[in-house]
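Quick notes on the structure that follows.
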Amino acid sequence: MKVTVKVPATSANLGPGFDCLGMSLGLYNFVTVETAEHSVPLHVEVSGSGAEQIPKDERNLVFRAFSELYRRAGAPVPAVRIRQENRIPLARGLGSSAAAICAGLIAANRMLSDRFSQEELLCIAAEIEGHPDNVAAALYGGLCISYRVDEGVKCRRIEMPREIEVLLLIPDFTLETKSARAVLPASLPLQDVTFNLGRVALFVSAIDGHRLDELRAGMEDRVHQPYRTCLIPGFEEIREAALAAGAHGVAISGAGPSILVFTSDRKEAVKRALSLCTRALPIHYEVMDIRPDSYGATVLPDQRRPLIVQKFGGSSVADPDRIRNVARRIIHTADQGNDVVVVVSAMGKTTDCLIQLAKAVSPDPGRREMDMLLSTGEQVSIALLSMAIEAMGKKAVSLNGAQVGILTDDVHTKAKIKHIHTCRIRKTLEEGAIVIVAGFQGVTGTGDITTLGRGGSDTTAVALAAALGADLCEIYTDVDGVYTADPRVVPSARKVDILSHDEMSEMASMGAKVLQLRSVEFARKYGVKLVVRSSFSDSPGTTIQEGGNVMEDVIIRGVTSSADEVKMVVEGVPDVPGMAARIFGDLAKRNVKIDMIIQAMKREAVNDIAFCVAREDAEAAREVLESTARDIGAQGVHVEDNVAKVSVIGAGISQDVSVTAAVFSALAEAGINIDMISTSGIRISCIISRDRVEDAVRALHRRFCE
């Protein structure tokens with residue numbers, strides 16, 4: 001048997017978090033452990049960093065951890081061949097020993113058929129390492145808060161903000177942990193301890209809440225860094241240069257001597273400042289540009305099969321016959337040599353029925369309880385689909401969002417995915433099963449069930465495809481692709497064969513209901529290839545992928561519309577700085593999304609501010625705006641719900657002024673008045689009367705698509 005483990009570098013003692021905060025970094029060692037038939041119990045090969053210093057006998061740390069797990073399992077240690085490809089520098093404060101320990105434990109656990117849980121591995125790793133912060137981050141990824149309890153070690157994981165990037169400064173000298181600990185005092189003043197307690201709380205809160213402006217203060221420390229800077233020439237100069245250039249924070253990585261710098265949009269300026277600073281130092285520093293790691297140590301497949309994620313909507317699984325049809329399609333995909341992960345929505349109109357039930361017992365049901373209720377619909381679907389697949393002779397395992405490990409924020413009914421643990425899915429695939437996942441749902445860090453909003457199963461599917469590195473994500477629905485317009489409104493609408501992520505994103509945001517906007521944004525960010533297909537035919541569908549073959553020619557892809565808009569006008573807003581910030585800040589606190597903002601100048605130093613919100617957010621928006629208007633001295637709030645949005649979408653629109661004129665001309669010839677206008681590089685949108693929206697779609701489709 002052969003197991004290959006990819007394990008990340010880690011930065012422990014992060015800022016003020018001495019021996020309790022660690023984060024995972026996108027720098028990896030690769031360790032392969034293979035059982036051997038020869039009589040020699042151990043053969044070790046090491047390449048890369050530390051190849052000459054790392055023991056090749058029983059003292060090898062990978063082998064020591066590997067053997068320890070076998071000992072605890074009560075099993076004889078097999079003869080093994082270990083190959084280490086090391087990219088994490090030794091004795092630089094980057095968790096090289098934790099990486100070796102975790103690699104040995106994970107390889108042994110896989111050979112022992114995953115007998116030990118992740119929590120048990122953490123306790124054993126911390127016991128071998130002597131402290132938990134590095135090994136926790138290496139195992140779990142992200143930012144880890146580790147703490148000891150009577151039964152061992154526990155860990156709370158927090159996802160690092162996606163905008164955070166790391167500049168890692170690695171000097172050309174080593175520093176042993178023993179030496180770095182020797183300079184620490186035996187006791188500390190009470191005021192320094194209380195200072196650090198506050199800074200640890202602030203740092204964790206800033207990371208969890210994505211408040212990057214609080215990181216500088218949150219990374220201040222009085223417990224270990226002030227005593228260790230004497231061992232790291234240039235630390236203070238590097239810290240001052242990085243912060244002056246716009247870095248969010250600077251810390252010694254682990255026990256040192258490497259230095260970690262948090263940046264985001266000012267990264268290039270910080271890199272230039274660090275380059276100038278380090279040139280003047282007597283010590284050479286290598287500057288590495290990396291990202292935080294989100295997944296921790298993972299087992300790599302020996303011979304990877306293609307992985308396809310398939311999503312089936314509610315209409316595709318609306319009754320037993322359709323469920324069996326979907327099962328046959330899934331089995332056909334698996335029989336072609338693919339690993340298959342399936343995401344399923346609730347059957348037919350189940351979600352609507354559950355909403356009606358909730359409103360029958362409560363006029364204003366709480367959002368948390370709505371999530372508890374609505375998440376049950378998908379659990380029915382996944383169980384029935386798994387049963388159908390099993391009845392046809394294939395192994396299938398159904399998992400809800402919590403069982404998969406889809407971690408979200410705590411915004412009930414509109415939660416956003418923060419992280420997906422892929423270990424259970426990968427293990428189930430390796431066991432030869434088809435994995436059936438409940439779409440639309442996740443779980444918070446405290447265990448509360450959440451839902452992702454309407455169309456959230458699309459987002460579940462694309463997020464899983466991104467996290468698993470899938471080769472393809474197929475979205476099955478009741479139409480055979482994306483059309484130039486809604487065929488129910490425009491019978492002559494044509495199916496589009498290929499769209500870019502940008503084009504599909506605009507179409508989804510402007511009312512095309514074939515894909516949820518958030519799912520397309522996920523696909524664009526992580527480069528996931530999508531195909532929209534019908535579950536009732538073998539049509540090839542519409543492919544959505546990065547880029548496109550368009551140069552500078554304007555290509556109109558389609559005309560979309562949305563009647564789910566409500567226009568809001570805050571009238572008589574005082575014309576002074578900060579009014580718009582207050583209005584939209586208050587709306588943001590209620591998670592109300594805004595579109596098409598227009599500010600109109602009036603006499604007597606007041607303005608009207610008009611914008612659109614989704615119909616489902618209209619009541620919440622009205623409540624917020626009426627309160628805010630009173631506070632800022634505005635004259636009132638006007639709401640118009642007889643509006644709709646119509647959009648023309650295509651690459652290169654902004655480069656051709658004739659397209660804009662043609663949009664307005666087509667609407668004028670149809671006698672349709674325009675209320676509001678907005679544009680982007682590939683879109684022109686107009687707010688019009690809701691009564692005329694279908695006329696507008698037909699008029700624009702005739703002008704641009706026929």
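Simple scheme: letters A, B, ... for chains in structure tokens order, numbers from 1 for residues in each chain, numbers from 1 for ligands in the order shown.
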Among region 106-295 of chain A, which ones does DSSP assign to helix (DSSP H, G or I) (computed from the backbone)? Answer as a PyMOL selection string.
chain A and resi 106-111+118-129+133-140+177-182+190-208+212-218+225-231+235-244+267-279
If you count only C-alpha atoms, which residues fall within 8 Å of Gly15 (chain A), apart from same-chain ones fewer than 3 positions away, as a list of chain:residue names?
A:Phe18, A:Val200, A:Gly218, A:Met219, A:Glu220, A:Asp221, A:Gln225, A:Val250, A:Ala251, A:Ile252
Given the choices A:Thr451, A:Lys593, A:Ala9, A:Val3, which gets closest to Asp617 (chain A) if the distance is worked out from only C-alpha atoms?
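Selected residue with least distance to Asp617 (chain A): A:Lys593.
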Residue neighbourhood region 646-662 of chain A, 8 Å, only C-alpha atoms, exclusion window fewer than 6 positions, as a ChimeraX atom specification:
/A:503,506-507,510,550,552-562,680-688,693,696-697,700,703
If DSSP is run on the backbone, what residues of region 598-695 of chain A are strand (DSSP E or B)? A reply as a PyMOL selection string would be ideal.
chain A and resi 598-601+606-614+636-640+643-651+676-680+683-689
Quick one, how far is CA of Val80 (chain A) from CA of Ala125 (chain A)?
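Interatomic distance here is 20.3 Å.
Comparing the minimum interatomic distances between Asn60 (chain A) and each of A:Leu274, A:Ala644, A:Ala103, A:Ala91, counting only C-alpha atoms, we find that A:Ala103 sits nearest.
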Which residues are near Gly633 (chain A)? Cut-off 12 Å, only C-alpha atoms, ignore same chain within fewer than 4 positions. Put them as a list in words.
Val570, Glu571, Gly572, Val573, Pro574, Asp575, Val576, Met579, Arg582, Ile583, Val606, Asn607, Leu625, Glu626, Ser627, Thr628, Ala629 and Val637 of chain A
Now that the selection is made, can you save its residues with all heavy atoms as a tab-separated table (two decimals), in the first residue's frame?
```tsv
chain	number	residue	atom	x	y	z
A	570	VAL	N	-34.98	57.61	-1.32
A	570	VAL	CA	-34.88	58.40	-0.10
A	570	VAL	C	-34.90	59.87	-0.54
A	570	VAL	O	-33.97	60.34	-1.21
A	570	VAL	CB	-33.59	58.08	0.68
A	570	VAL	CG1	-33.58	58.84	2.02
A	570	VAL	CG2	-33.46	56.58	0.92
A	571	GLU	N	-35.96	60.56	-0.20
A	571	GLU	CA	-36.20	61.91	-0.72
A	571	GLU	C	-35.67	62.97	0.24
A	571	GLU	O	-35.73	62.82	1.47
A	571	GLU	CB	-37.70	62.12	-0.94
A	571	GLU	CG	-38.29	61.14	-1.95
A	571	GLU	CD	-39.80	61.26	-2.06
A	571	GLU	OE1	-40.46	61.52	-1.02
A	571	GLU	OE2	-40.32	61.09	-3.17
A	572	GLY	N	-35.14	64.02	-0.37
A	572	GLY	CA	-34.70	65.17	0.41
A	572	GLY	C	-33.56	64.87	1.36
A	572	GLY	O	-33.57	65.30	2.52
A	573	VAL	N	-32.54	64.18	0.87
A	573	VAL	CA	-31.38	63.87	1.70
A	573	VAL	C	-30.47	65.10	1.77
A	573	VAL	O	-30.12	65.67	0.73
A	573	VAL	CB	-30.60	62.68	1.12
A	573	VAL	CG1	-29.35	62.39	1.95
A	573	VAL	CG2	-31.48	61.44	1.03
A	574	PRO	N	-30.08	65.56	2.96
A	574	PRO	CA	-29.19	66.72	3.06
A	574	PRO	C	-27.91	66.52	2.25
A	574	PRO	O	-27.29	65.45	2.30
A	574	PRO	CB	-28.88	66.80	4.56
A	574	PRO	CG	-30.07	66.16	5.22
A	574	PRO	CD	-30.50	65.06	4.29
A	575	ASP	N	-27.53	67.53	1.50
A	575	ASP	CA	-26.36	67.44	0.61
A	575	ASP	C	-25.08	67.74	1.39
A	575	ASP	O	-24.44	68.77	1.21
A	575	ASP	CB	-26.53	68.42	-0.56
A	575	ASP	CG	-25.43	68.24	-1.60
A	575	ASP	OD1	-24.83	67.16	-1.63
A	575	ASP	OD2	-25.18	69.19	-2.36
A	576	VAL	N	-24.71	66.80	2.27
A	576	VAL	CA	-23.49	66.93	3.07
A	576	VAL	C	-22.77	65.59	3.04
A	576	VAL	O	-23.40	64.54	2.82
A	576	VAL	CB	-23.80	67.33	4.53
A	576	VAL	CG1	-24.42	68.72	4.59
A	576	VAL	CG2	-24.71	66.31	5.20
A	579	MET	N	-23.84	61.17	4.02
A	579	MET	CA	-25.24	60.72	4.01
A	579	MET	C	-25.39	59.38	3.28
A	579	MET	O	-26.08	58.47	3.77
A	579	MET	CB	-26.12	61.79	3.34
A	579	MET	CG	-26.22	63.09	4.12
A	579	MET	SD	-27.04	62.90	5.73
A	579	MET	CE	-25.61	62.83	6.81
A	582	ARG	N	-24.08	56.56	5.37
A	582	ARG	CA	-24.98	56.17	6.45
A	582	ARG	C	-26.14	55.32	5.92
A	582	ARG	O	-26.49	54.28	6.49
A	582	ARG	CB	-25.53	57.43	7.12
A	582	ARG	CG	-26.63	57.19	8.15
A	582	ARG	CD	-26.14	56.35	9.34
A	582	ARG	NE	-27.25	55.96	10.18
A	582	ARG	CZ	-27.81	56.72	11.11
A	582	ARG	NH1	-27.33	57.96	11.33
A	582	ARG	NH2	-28.81	56.28	11.85
A	583	ILE	N	-26.74	55.75	4.80
A	583	ILE	CA	-27.88	55.02	4.25
A	583	ILE	C	-27.49	53.59	3.88
A	583	ILE	O	-28.12	52.61	4.30
A	583	ILE	CB	-28.45	55.76	3.03
A	583	ILE	CG1	-29.12	57.07	3.47
A	583	ILE	CG2	-29.44	54.88	2.26
A	583	ILE	CD1	-29.46	57.98	2.32
A	606	VAL	N	-30.49	69.71	-1.11
A	606	VAL	CA	-30.91	68.35	-0.78
A	606	VAL	C	-30.93	67.52	-2.06
A	606	VAL	O	-31.03	68.06	-3.17
A	606	VAL	CB	-32.31	68.31	-0.12
A	606	VAL	CG1	-32.28	68.98	1.23
A	606	VAL	CG2	-33.36	68.91	-1.03
A	607	ASN	N	-30.80	66.19	-1.89
A	607	ASN	CA	-30.78	65.25	-3.02
A	607	ASN	C	-31.83	64.17	-2.82
A	607	ASN	O	-32.25	63.90	-1.69
A	607	ASN	CB	-29.42	64.55	-3.14
A	607	ASN	CG	-28.28	65.51	-3.31
A	607	ASN	OD1	-28.39	66.48	-4.05
A	607	ASN	ND2	-27.17	65.24	-2.62
A	625	LEU	N	-34.76	52.15	6.00
A	625	LEU	CA	-34.72	53.48	5.40
A	625	LEU	C	-35.59	54.48	6.15
A	625	LEU	O	-35.22	55.66	6.29
A	625	LEU	CB	-35.13	53.41	3.94
A	625	LEU	CG	-34.16	52.66	3.01
A	625	LEU	CD1	-34.74	52.53	1.62
A	625	LEU	CD2	-32.81	53.37	2.96
A	626	GLU	N	-36.75	54.05	6.62
A	626	GLU	CA	-37.61	54.97	7.35
A	626	GLU	C	-36.94	55.43	8.64
A	626	GLU	O	-37.01	56.61	9.01
A	626	GLU	CB	-38.95	54.32	7.63
A	626	GLU	CG	-39.82	54.18	6.37
A	626	GLU	CD	-41.12	53.45	6.62
A	626	GLU	OE1	-41.26	52.84	7.72
A	626	GLU	OE2	-42.00	53.47	5.73
A	627	SER	N	-36.25	54.52	9.31
A	627	SER	CA	-35.53	54.89	10.52
A	627	SER	C	-34.34	55.79	10.21
A	627	SER	O	-34.13	56.83	10.86
A	627	SER	CB	-35.05	53.62	11.24
A	627	SER	OG	-34.24	53.95	12.33
A	628	THR	N	-33.57	55.42	9.17
A	628	THR	CA	-32.40	56.20	8.81
A	628	THR	C	-32.79	57.59	8.33
A	628	THR	O	-32.12	58.59	8.65
A	628	THR	CB	-31.59	55.47	7.72
A	628	THR	OG1	-31.23	54.17	8.20
A	628	THR	CG2	-30.33	56.24	7.35
A	629	ALA	N	-33.87	57.68	7.53
A	629	ALA	CA	-34.32	58.98	7.02
A	629	ALA	C	-34.64	59.94	8.17
A	629	ALA	O	-34.30	61.13	8.11
A	629	ALA	CB	-35.54	58.79	6.12
A	637	VAL	N	-39.38	58.44	2.53
A	637	VAL	CA	-39.01	57.28	1.72
A	637	VAL	C	-40.17	56.94	0.80
A	637	VAL	O	-41.32	56.82	1.25
A	637	VAL	CB	-38.67	56.07	2.61
A	637	VAL	CG1	-38.36	54.84	1.75
A	637	VAL	CG2	-37.49	56.38	3.53
```
Residues of region 120-224 of chain A that approach region 283-303 of chain A to 8 Å or less, counting only C-alpha atoms: could you list each one with the shortest pair of atoms and its distance in Å to one decimal, rows by chain and increasing residue number, as CSV?
```
residue,atom,partner,partner_atom,distance
A:Ala137,CA,A:Gly296,CA,6.7
A:Ala138,CA,A:Gly296,CA,5.2
A:Leu139,CA,A:Gly296,CA,4.9
A:Tyr140,CA,A:Gly296,CA,4.7
A:Gly141,CA,A:Gly296,CA,3.7
A:Gly142,CA,A:Ser294,CA,4.7
A:Glu159,CA,A:Ser294,CA,6.9
A:Met160,CA,A:Pro292,CA,7.0
A:Ile164,CA,A:Arg291,CA,7.4
A:Glu165,CA,A:Arg291,CA,5.0
A:Val166,CA,A:Ile290,CA,5.4
A:Leu167,CA,A:Asp289,CA,4.8
A:Leu168,CA,A:Met288,CA,4.9
A:Leu169,CA,A:Val287,CA,4.6
A:Ile170,CA,A:Glu286,CA,5.1
A:Pro171,CA,A:Tyr285,CA,4.2
A:Asp172,CA,A:His284,CA,5.8
```
Write out the residues from the selection above, keeping N, CA and C atoms, as a PDB file, in the first residue's frame.
```pdb
ATOM      1  N   ALA A 137      -2.662  23.573  13.120  1.00  0.00           N
ATOM      2  CA  ALA A 137      -2.772  24.262  11.831  1.00  0.00           C
ATOM      3  C   ALA A 137      -2.391  23.343  10.677  1.00  0.00           C
ATOM      4  N   ALA A 138      -1.390  22.475  10.890  1.00  0.00           N
ATOM      5  CA  ALA A 138      -0.989  21.549   9.824  1.00  0.00           C
ATOM      6  C   ALA A 138      -2.088  20.554   9.511  1.00  0.00           C
ATOM      7  N   LEU A 139      -2.830  20.110  10.525  1.00  0.00           N
ATOM      8  CA  LEU A 139      -3.895  19.132  10.315  1.00  0.00           C
ATOM      9  C   LEU A 139      -5.162  19.746   9.745  1.00  0.00           C
ATOM     10  N   TYR A 140      -5.543  20.924  10.257  1.00  0.00           N
ATOM     11  CA  TYR A 140      -6.863  21.487   9.947  1.00  0.00           C
ATOM     12  C   TYR A 140      -6.826  22.585   8.883  1.00  0.00           C
ATOM     13  N   GLY A 141      -5.697  23.251   8.687  1.00  0.00           N
ATOM     14  CA  GLY A 141      -5.655  24.390   7.776  1.00  0.00           C
ATOM     15  C   GLY A 141      -6.284  25.622   8.404  1.00  0.00           C
ATOM     16  N   GLY A 142      -6.130  26.779   7.748  1.00  0.00           N
ATOM     17  CA  GLY A 142      -6.713  28.015   8.251  1.00  0.00           C
ATOM     18  C   GLY A 142      -5.999  28.513   9.490  1.00  0.00           C
ATOM     19  N   GLU A 159     -11.581  30.313   9.283  1.00  0.00           N
ATOM     20  CA  GLU A 159     -11.128  30.538   7.906  1.00  0.00           C
ATOM     21  C   GLU A 159     -10.456  31.900   7.798  1.00  0.00           C
ATOM     22  N   MET A 160      -9.290  31.932   7.161  1.00  0.00           N
ATOM     23  CA  MET A 160      -8.619  33.209   6.923  1.00  0.00           C
ATOM     24  C   MET A 160      -9.371  33.991   5.845  1.00  0.00           C
ATOM     25  N   ILE A 164      -6.585  38.216   2.379  1.00  0.00           N
ATOM     26  CA  ILE A 164      -5.292  38.223   3.058  1.00  0.00           C
ATOM     27  C   ILE A 164      -4.262  37.463   2.226  1.00  0.00           C
ATOM     28  N   GLU A 165      -3.108  38.083   2.036  1.00  0.00           N
ATOM     29  CA  GLU A 165      -1.962  37.413   1.434  1.00  0.00           C
ATOM     30  C   GLU A 165      -0.787  37.540   2.378  1.00  0.00           C
ATOM     31  N   VAL A 166       0.200  36.672   2.209  1.00  0.00           N
ATOM     32  CA  VAL A 166       1.317  36.610   3.143  1.00  0.00           C
ATOM     33  C   VAL A 166       2.626  36.810   2.396  1.00  0.00           C
ATOM     34  N   LEU A 167       3.447  37.696   2.927  1.00  0.00           N
ATOM     35  CA  LEU A 167       4.838  37.804   2.495  1.00  0.00           C
ATOM     36  C   LEU A 167       5.685  37.181   3.590  1.00  0.00           C
ATOM     37  N   LEU A 168       6.472  36.194   3.226  1.00  0.00           N
ATOM     38  CA  LEU A 168       7.268  35.444   4.179  1.00  0.00           C
ATOM     39  C   LEU A 168       8.736  35.768   3.951  1.00  0.00           C
ATOM     40  N   LEU A 169       9.406  36.291   4.963  1.00  0.00           N
ATOM     41  CA  LEU A 169      10.820  36.630   4.874  1.00  0.00           C
ATOM     42  C   LEU A 169      11.623  35.555   5.597  1.00  0.00           C
ATOM     43  N   ILE A 170      12.414  34.786   4.834  1.00  0.00           N
ATOM     44  CA  ILE A 170      13.165  33.659   5.382  1.00  0.00           C
ATOM     45  C   ILE A 170      14.649  34.007   5.340  1.00  0.00           C
ATOM     46  N   PRO A 171      15.315  34.148   6.510  1.00  0.00           N
ATOM     47  CA  PRO A 171      16.732  34.524   6.525  1.00  0.00           C
ATOM     48  C   PRO A 171      17.637  33.338   6.219  1.00  0.00           C
ATOM     49  N   ASP A 172      18.908  33.628   5.967  1.00  0.00           N
ATOM     50  CA  ASP A 172      19.854  32.568   5.612  1.00  0.00           C
ATOM     51  C   ASP A 172      20.560  32.000   6.847  1.00  0.00           C
TER      52      ASP A 172
END
```
Neighbour list for Glu151 (chain A) as a ChimeraX atom specification, cut-off 12 Å, only C-alpha atoms, skip fewer than 5 positions in-chain:
/A:119-120,122-124
Where does region 66-164 of chain A meet region 201-206 of chain A within 12 Å, residue by residue, with the nearest atom pair and distance in Å to one decimal for each, counting only C-alpha atoms, listed by chain and rising number, as JSON lines?
```
{"residue": "A:Leu143", "atom": "CA", "partner": "A:Val204", "partner_atom": "CA", "distance": 8.8}
{"residue": "A:Cys144", "atom": "CA", "partner": "A:Val204", "partner_atom": "CA", "distance": 9.7}
{"residue": "A:Ile145", "atom": "CA", "partner": "A:Val204", "partner_atom": "CA", "distance": 8.7}
{"residue": "A:Arg156", "atom": "CA", "partner": "A:Val204", "partner_atom": "CA", "distance": 10.9}
{"residue": "A:Arg157", "atom": "CA", "partner": "A:Val204", "partner_atom": "CA", "distance": 10.5}
{"residue": "A:Ile158", "atom": "CA", "partner": "A:Val204", "partner_atom": "CA", "distance": 8.4}
{"residue": "A:Glu159", "atom": "CA", "partner": "A:Val204", "partner_atom": "CA", "distance": 10.6}
{"residue": "A:Met160", "atom": "CA", "partner": "A:Val204", "partner_atom": "CA", "distance": 10.1}
{"residue": "A:Pro161", "atom": "CA", "partner": "A:Ala206", "partner_atom": "CA", "distance": 9.6}
{"residue": "A:Ile164", "atom": "CA", "partner": "A:Ala206", "partner_atom": "CA", "distance": 11.8}
```
Could you state the separation of CA of Ser258 (chain A) and CA of Pro89 (chain A) in Å, given to one decimal place?
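Going from CA of Ser258 (chain A) over to CA of Pro89 (chain A) covers 9.9 Å.
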For region 371-402 of chain A versus region 304-321 of chain A, which residues have an atom no more than 9 Å away, and what is each residue's nearest atom pair and distance in Å rounded to one decimal, using only C-alpha atoms, chain-then-number order, as a Markdown table?
```
| residue | atom | partner | partner_atom | distance |
| --- | --- | --- | --- | --- |
| A:Ser381 | CA | A:Val317 | CA | 7.3 |
| A:Leu384 | CA | A:Pro320 | CA | 8.3 |
| A:Leu385 | CA | A:Val317 | CA | 8.3 |
| A:Ala388 | CA | A:Pro320 | CA | 8.9 |
```
Write out as a list in words each polymer residue whose atoms come within 10 Å of Lys418 (chain A), counting only C-alpha atoms; drop sequence neighbours fewer than 2 positions from it.
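Near Lys418 (chain A), the qualifying residues are Ile158, Glu159, Met160, Pro161, Arg162, Ser294, Ile406, Leu407, Thr408, Asp409, Ala415, Lys416, Ile420, Gly442, Thr444, Gly445 and Ala463 of chain A.
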Select, from A:Leu121, A:Leu357, A:Val411, A:Ala245, the residue with the minimum atom-to-atom distance to Val135 (chain A), counting only C-alpha atoms.
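Looking only at the distances to Val135 (chain A), the closest residue turns out to be A:Leu121.
When only C-alpha atoms are used to measure the gap to Arg533 (chain A), the shortest distance among A:Glu390, A:Glu474, A:Asp114, A:Glu129 belongs to A:Glu474.
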Using only C-alpha atoms, pick whichever of A:Ala182, A:Leu452, A:Ala65, A:Leu21 has the shortest atom-to-atom distance to Tyr147 (chain A).
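Once distances to Tyr147 (chain A) are computed over only C-alpha atoms, the minimum belongs to A:Leu21.
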